[in-house]
Amino acid sequence: MKAIEQNFRRVTPYVPGEQPKKKGIVKLNTNENPYPPAPGVLRALAELSRTPDALRRYPDPAAQELVQALAASCGVGEDQIFPGVGSDDVLAIAFQTFFQSGRPVLFPDITYSFYPVWAQLFGVPYRCPALDGDFRMRREDYYGENGGILFPNPNAPTAIAEPLSFVEDILRHNPDTVVIVDEAYVDFGAESAIRLLPEYENLLVVQTFSKSRSLAGMRIGYAVGSPLLIRYMNAVKYSYNSYTMSAAAIRCGVEAVKDEAYFRETTAKIVATRERTARALKELGFVVLPSSANFLFASHPQYPGRQLYQALREADIYVRYFDSPRIDNYLRISVGTDGEMEQLLGFLASYTRGEG
Ligand SMILES: *Cc1c(COP(=O)(O)O)cnc(C)c1O
């Protein structure tokens, strides 16, 4: 190591899913939405290209137009919405705002692998209670003293959702720490904890436009919480970067929220494709965890996960594989279009018949 490096911060970063440059692949590895964003989003971008002032000027630091749209659609006050550059940005700010007690923050051992990375980056101690044998969270694991609680619902990469009664039980046992529910996949079939907000000042719900609103490329996420929590997050944000959201992201976000019909139609299509794909995978002998998300978590008793992942990749079908304890025999398969799932299933059918 060079002398100059002695004083540098050393971290182990999060590794996002691959974004291959290759054309014509079937890309089922990062839980993107296979459908385009709402038509109004594309119109808003065209409109922006005709109004250069919108780009010449700084954007609204509070992204108020988007905050208003989200407050209306979530049925909460405008002082209960915190918008950000994807939910990763929102979660990172929440880590820095709420997890300052020095006591360990709790999140499951199998979950979104960004959580331990933020904990390390921000110097937050943490502990990871193990999911049970069916990959479910055990509520009792979240009853003891802690510095905060964080989990996705549905969980990733398992796709399993816990009912609202589970979330409420955890909230009730932890009135003095912040409980963050990461609802990146909630629109595909789970119950949102937003309904619990009037009763729990310590609840923060985080959602994203990346999955159910087809806008991963625009980077839009938000937290919904009590005015108390949102006020503290804003103080941290304004101490860090006033202009987190671009003018384009704000406009696109508003248009995406407005088109409720398109949102319902595309999420329903994904859910229908998911159910068909899950049945077909089971017919091929796969074990498929019950999914309330836009992806499936599946393993095959005869073919190791890594081998399937590699064989699929060689056939230009990309899925996600995690080389981690307990899940290293599973594939995480994003739900694409019906046509993409046909290609996946066609390949797996011949592979498991020994033609691979
Ligand atoms: C995709 C995902 C996110 C991040 O989404 P962005 O809004 O694109 O930053 C956060 N949490 C979980 C569990 C996710 O799967």
# chains A, B, ... in the order shown; residues from 1 in each chain; ligands from 1
>>> residues_near_ligand(ligand="ligand 1", cutoff="9 Å", atoms="only C-alpha atoms and all ligand atoms", output="short mmCIF file (atom, residue, chain, number, x, y, z; two decimals) with N, CA and C atoms, in the first residue's frame")
data_model
loop_
_atom_site.label_atom_id
_atom_site.label_comp_id
_atom_site.auth_asym_id
_atom_site.auth_seq_id
_atom_site.Cartn_x
_atom_site.Cartn_y
_atom_site.Cartn_z
N THR A 30 -32.18 -7.96 -12.34
CA THR A 30 -32.17 -6.82 -11.41
C THR A 30 -33.57 -6.31 -11.06
N ASN A 31 -34.57 -7.14 -11.28
CA ASN A 31 -35.95 -6.81 -10.89
C ASN A 31 -36.48 -5.52 -11.51
N GLU A 32 -35.97 -5.22 -12.71
CA GLU A 32 -36.54 -4.08 -13.43
C GLU A 32 -37.91 -4.46 -13.95
N GLY A 84 -36.33 11.22 -2.54
CA GLY A 84 -34.89 11.08 -2.74
C GLY A 84 -34.53 10.40 -4.04
N VAL A 85 -33.23 10.26 -4.24
CA VAL A 85 -32.67 9.72 -5.49
C VAL A 85 -32.70 8.18 -5.44
N GLY A 86 -33.87 7.63 -5.63
CA GLY A 86 -34.03 6.18 -5.46
C GLY A 86 -34.17 5.89 -3.98
N SER A 87 -34.72 4.71 -3.65
CA SER A 87 -34.87 4.43 -2.23
C SER A 87 -33.52 4.13 -1.58
N ASP A 88 -32.50 3.79 -2.39
CA ASP A 88 -31.16 3.62 -1.80
C ASP A 88 -30.70 4.91 -1.13
N ASP A 89 -30.94 6.03 -1.77
CA ASP A 89 -30.58 7.34 -1.21
C ASP A 89 -31.39 7.61 0.06
N VAL A 90 -32.68 7.32 -0.01
CA VAL A 90 -33.57 7.55 1.13
C VAL A 90 -33.16 6.68 2.32
N LEU A 91 -32.85 5.43 2.04
CA LEU A 91 -32.43 4.51 3.11
C LEU A 91 -31.09 4.94 3.70
N THR A 111 -31.28 -10.86 3.44
CA THR A 111 -32.07 -9.69 3.09
C THR A 111 -31.32 -8.87 2.06
N TYR A 112 -31.78 -7.67 1.80
CA TYR A 112 -31.14 -6.77 0.84
C TYR A 112 -29.69 -6.54 1.27
N SER A 113 -28.75 -6.88 0.41
CA SER A 113 -27.35 -6.90 0.86
C SER A 113 -26.72 -5.51 0.94
N PHE A 114 -27.51 -4.48 0.68
CA PHE A 114 -27.00 -3.12 0.88
C PHE A 114 -27.01 -2.73 2.37
N TYR A 115 -27.88 -3.35 3.18
CA TYR A 115 -28.00 -2.91 4.58
C TYR A 115 -26.67 -3.00 5.35
N PHE A 151 -36.27 -3.88 7.71
CA PHE A 151 -36.47 -5.08 6.88
C PHE A 151 -37.33 -4.74 5.67
N PRO A 152 -37.10 -5.48 4.56
CA PRO A 152 -37.96 -5.27 3.41
C PRO A 152 -39.22 -6.14 3.58
N ASN A 153 -40.34 -5.62 3.12
CA ASN A 153 -41.57 -6.40 3.11
C ASN A 153 -42.32 -6.12 1.81
N PRO A 154 -42.40 -7.09 0.89
CA PRO A 154 -41.78 -8.41 0.89
C PRO A 154 -40.25 -8.36 1.05
N ASN A 155 -39.72 -9.45 1.63
CA ASN A 155 -38.27 -9.52 1.80
C ASN A 155 -37.60 -9.81 0.44
N ALA A 156 -36.36 -9.42 0.33
CA ALA A 156 -35.55 -9.73 -0.84
C ALA A 156 -34.30 -10.45 -0.34
N PRO A 157 -33.81 -11.48 -1.01
CA PRO A 157 -34.32 -12.01 -2.29
C PRO A 157 -35.33 -13.14 -2.13
N ASP A 182 -38.94 -1.43 4.31
CA ASP A 182 -38.52 -1.15 2.93
C ASP A 182 -39.50 -1.85 2.00
N GLU A 183 -40.42 -1.06 1.41
CA GLU A 183 -41.49 -1.64 0.60
C GLU A 183 -41.22 -1.54 -0.91
N ALA A 184 -39.99 -1.88 -1.29
CA ALA A 184 -39.61 -1.79 -2.71
C ALA A 184 -40.55 -2.61 -3.60
N TYR A 185 -41.09 -3.71 -3.05
CA TYR A 185 -41.89 -4.64 -3.87
C TYR A 185 -43.36 -4.72 -3.45
N VAL A 206 -40.54 2.98 3.32
CA VAL A 206 -39.74 3.46 2.18
C VAL A 206 -40.21 2.74 0.91
N GLN A 207 -40.51 3.53 -0.12
CA GLN A 207 -40.96 2.95 -1.39
C GLN A 207 -40.14 3.52 -2.55
N THR A 208 -40.26 2.89 -3.70
CA THR A 208 -39.44 3.28 -4.86
C THR A 208 -40.25 3.27 -6.14
N PHE A 209 -39.80 4.07 -7.12
CA PHE A 209 -40.39 4.07 -8.46
C PHE A 209 -39.65 3.09 -9.38
N SER A 210 -38.63 2.42 -8.85
CA SER A 210 -37.76 1.62 -9.71
C SER A 210 -38.41 0.33 -10.18
N LYS A 211 -39.30 -0.24 -9.38
CA LYS A 211 -39.86 -1.54 -9.75
C LYS A 211 -41.27 -1.39 -10.30
N LEU A 215 -39.29 2.96 -13.44
CA LEU A 215 -38.42 4.13 -13.54
C LEU A 215 -37.07 3.95 -12.83
N ALA A 216 -36.51 2.75 -12.90
CA ALA A 216 -35.21 2.52 -12.24
C ALA A 216 -34.16 3.51 -12.76
N GLY A 217 -34.24 3.84 -14.05
CA GLY A 217 -33.24 4.72 -14.65
C GLY A 217 -33.36 6.17 -14.22
N MET A 218 -34.50 6.55 -13.66
CA MET A 218 -34.71 7.95 -13.28
C MET A 218 -34.33 8.22 -11.82
N ARG A 219 -34.20 7.18 -11.02
CA ARG A 219 -33.78 7.27 -9.62
C ARG A 219 -34.75 8.11 -8.78
N ILE A 220 -35.86 7.50 -8.40
CA ILE A 220 -36.85 8.17 -7.55
C ILE A 220 -37.30 7.21 -6.44
N GLY A 221 -37.18 7.66 -5.21
CA GLY A 221 -37.67 6.89 -4.08
C GLY A 221 -38.21 7.86 -3.04
N TYR A 222 -38.87 7.36 -2.01
CA TYR A 222 -39.39 8.26 -0.98
C TYR A 222 -39.66 7.50 0.31
#
>>> select_by_dssp(residues="region 85-182 of chain A", states="strand (DSSP E or B)", output="ChimeraX atom specification")
/A:105-106,126-127,149-152,179-182
>>> write_last_selection(atoms="N, CA, C and O atoms", output="PDB file, in the first residue's frame")
ATOM      1  N   VAL A 105     -28.369  -2.172  15.309  1.00  0.00           N
ATOM      2  CA  VAL A 105     -29.568  -2.157  14.475  1.00  0.00           C
ATOM      3  C   VAL A 105     -29.819  -3.599  14.036  1.00  0.00           C
ATOM      4  O   VAL A 105     -28.881  -4.358  13.806  1.00  0.00           O
ATOM      5  N   LEU A 106     -31.099  -3.978  13.934  1.00  0.00           N
ATOM      6  CA  LEU A 106     -31.445  -5.352  13.570  1.00  0.00           C
ATOM      7  C   LEU A 106     -32.005  -5.418  12.154  1.00  0.00           C
ATOM      8  O   LEU A 106     -32.885  -4.639  11.792  1.00  0.00           O
ATOM      9  N   TYR A 126     -24.551  -3.542  14.030  1.00  0.00           N
ATOM     10  CA  TYR A 126     -25.763  -4.252  13.623  1.00  0.00           C
ATOM     11  C   TYR A 126     -25.687  -5.723  13.986  1.00  0.00           C
ATOM     12  O   TYR A 126     -24.611  -6.267  14.211  1.00  0.00           O
ATOM     13  N   ARG A 127     -26.868  -6.348  14.037  1.00  0.00           N
ATOM     14  CA  ARG A 127     -26.982  -7.766  14.342  1.00  0.00           C
ATOM     15  C   ARG A 127     -28.034  -8.330  13.388  1.00  0.00           C
ATOM     16  O   ARG A 127     -29.012  -7.650  13.053  1.00  0.00           O
ATOM     17  N   ILE A 149     -34.672  -0.955  13.682  1.00  0.00           N
ATOM     18  CA  ILE A 149     -35.011  -2.192  12.966  1.00  0.00           C
ATOM     19  C   ILE A 149     -35.272  -1.835  11.512  1.00  0.00           C
ATOM     20  O   ILE A 149     -35.854  -0.784  11.212  1.00  0.00           O
ATOM     21  N   LEU A 150     -34.848  -2.728  10.630  1.00  0.00           N
ATOM     22  CA  LEU A 150     -34.980  -2.474   9.201  1.00  0.00           C
ATOM     23  C   LEU A 150     -35.223  -3.798   8.496  1.00  0.00           C
ATOM     24  O   LEU A 150     -34.487  -4.763   8.719  1.00  0.00           O
ATOM     25  N   PHE A 151     -36.274  -3.875   7.711  1.00  0.00           N
ATOM     26  CA  PHE A 151     -36.469  -5.084   6.878  1.00  0.00           C
ATOM     27  C   PHE A 151     -37.326  -4.744   5.670  1.00  0.00           C
ATOM     28  O   PHE A 151     -38.160  -3.836   5.722  1.00  0.00           O
ATOM     29  N   PRO A 152     -37.101  -5.475   4.564  1.00  0.00           N
ATOM     30  CA  PRO A 152     -37.964  -5.275   3.408  1.00  0.00           C
ATOM     31  C   PRO A 152     -39.216  -6.137   3.579  1.00  0.00           C
ATOM     32  O   PRO A 152     -39.158  -7.230   4.122  1.00  0.00           O
ATOM     33  N   VAL A 179     -38.476   1.948  13.295  1.00  0.00           N
ATOM     34  CA  VAL A 179     -38.652   0.713  12.524  1.00  0.00           C
ATOM     35  C   VAL A 179     -38.869   1.114  11.061  1.00  0.00           C
ATOM     36  O   VAL A 179     -39.832   1.813  10.740  1.00  0.00           O
ATOM     37  N   ILE A 180     -37.946   0.691  10.198  1.00  0.00           N
ATOM     38  CA  ILE A 180     -38.029   1.046   8.779  1.00  0.00           C
ATOM     39  C   ILE A 180     -38.502  -0.176   7.988  1.00  0.00           C
ATOM     40  O   ILE A 180     -37.898  -1.247   8.059  1.00  0.00           O
ATOM     41  N   VAL A 181     -39.608  -0.010   7.260  1.00  0.00           N
ATOM     42  CA  VAL A 181     -40.097  -1.087   6.391  1.00  0.00           C
ATOM     43  C   VAL A 181     -39.813  -0.676   4.952  1.00  0.00           C
ATOM     44  O   VAL A 181     -40.351   0.318   4.463  1.00  0.00           O
ATOM     45  N   ASP A 182     -38.941  -1.427   4.305  1.00  0.00           N
ATOM     46  CA  ASP A 182     -38.515  -1.148   2.927  1.00  0.00           C
ATOM     47  C   ASP A 182     -39.505  -1.853   1.996  1.00  0.00           C
ATOM     48  O   ASP A 182     -39.453  -3.066   1.821  1.00  0.00           O
TER      49      ASP A 182
END
>>> residues_around(residues="region 62-73 of chain A", least_positions_apart="4", cutoff="12 Å", atoms="only C-alpha atoms", output="PyMOL selection string")
chain A and resi 58+77-85+194+207-209+220-225+230+234-235+237-238+241-260
>>> atom_distance(atom1="CA of Ile327 (chain A)", atom2="CA of Arg276 (chain A)")
23.4 Å
>>> closest_residue(among="A:Ser292, A:Leu331, A:Arg138, A:Pro125", to="Tyr309 (chain A)", atoms="only C-alpha atoms")
A:Leu331
>>> atom_distance(atom1="CA of Ile160 (chain A)", atom2="CA of Leu204 (chain A)")
19.9 Å
>>> select_by_dssp(residues="region 87-276 of chain A", states="helix (DSSP H, G or I)", output="count of residues only")
85
>>> residues_around(residues="Ala315 (chain A)", least_positions_apart="5", cutoff="9 Å", atoms="only C-alpha atoms", output="PyMOL selection string")
chain A and resi 25+310+347
>>> atom_distance(atom1="CA of Leu228 (chain A)", atom2="CA of Leu203 (chain A)")
10.5 Å
>>> residues_around(residues="Phe122 (chain A)", least_positions_apart="4", cutoff="8 Å", atoms="only C-alpha atoms", output="PyMOL selection string")
chain A and resi 95-96+118
>>> closest_residue(among="A:Phe263, A:Tyr232, A:Phe135, A:Tyr351", to="Gln302 (chain A)", atoms="only C-alpha atoms")
A:Tyr351
>>> residues_around(residues="Leu296 (chain A)", least_positions_apart="3", cutoff="8 Å", atoms="only C-alpha atoms", output="PyMOL selection string")
chain A and resi 158-159+274+278+288-291+293+331-335
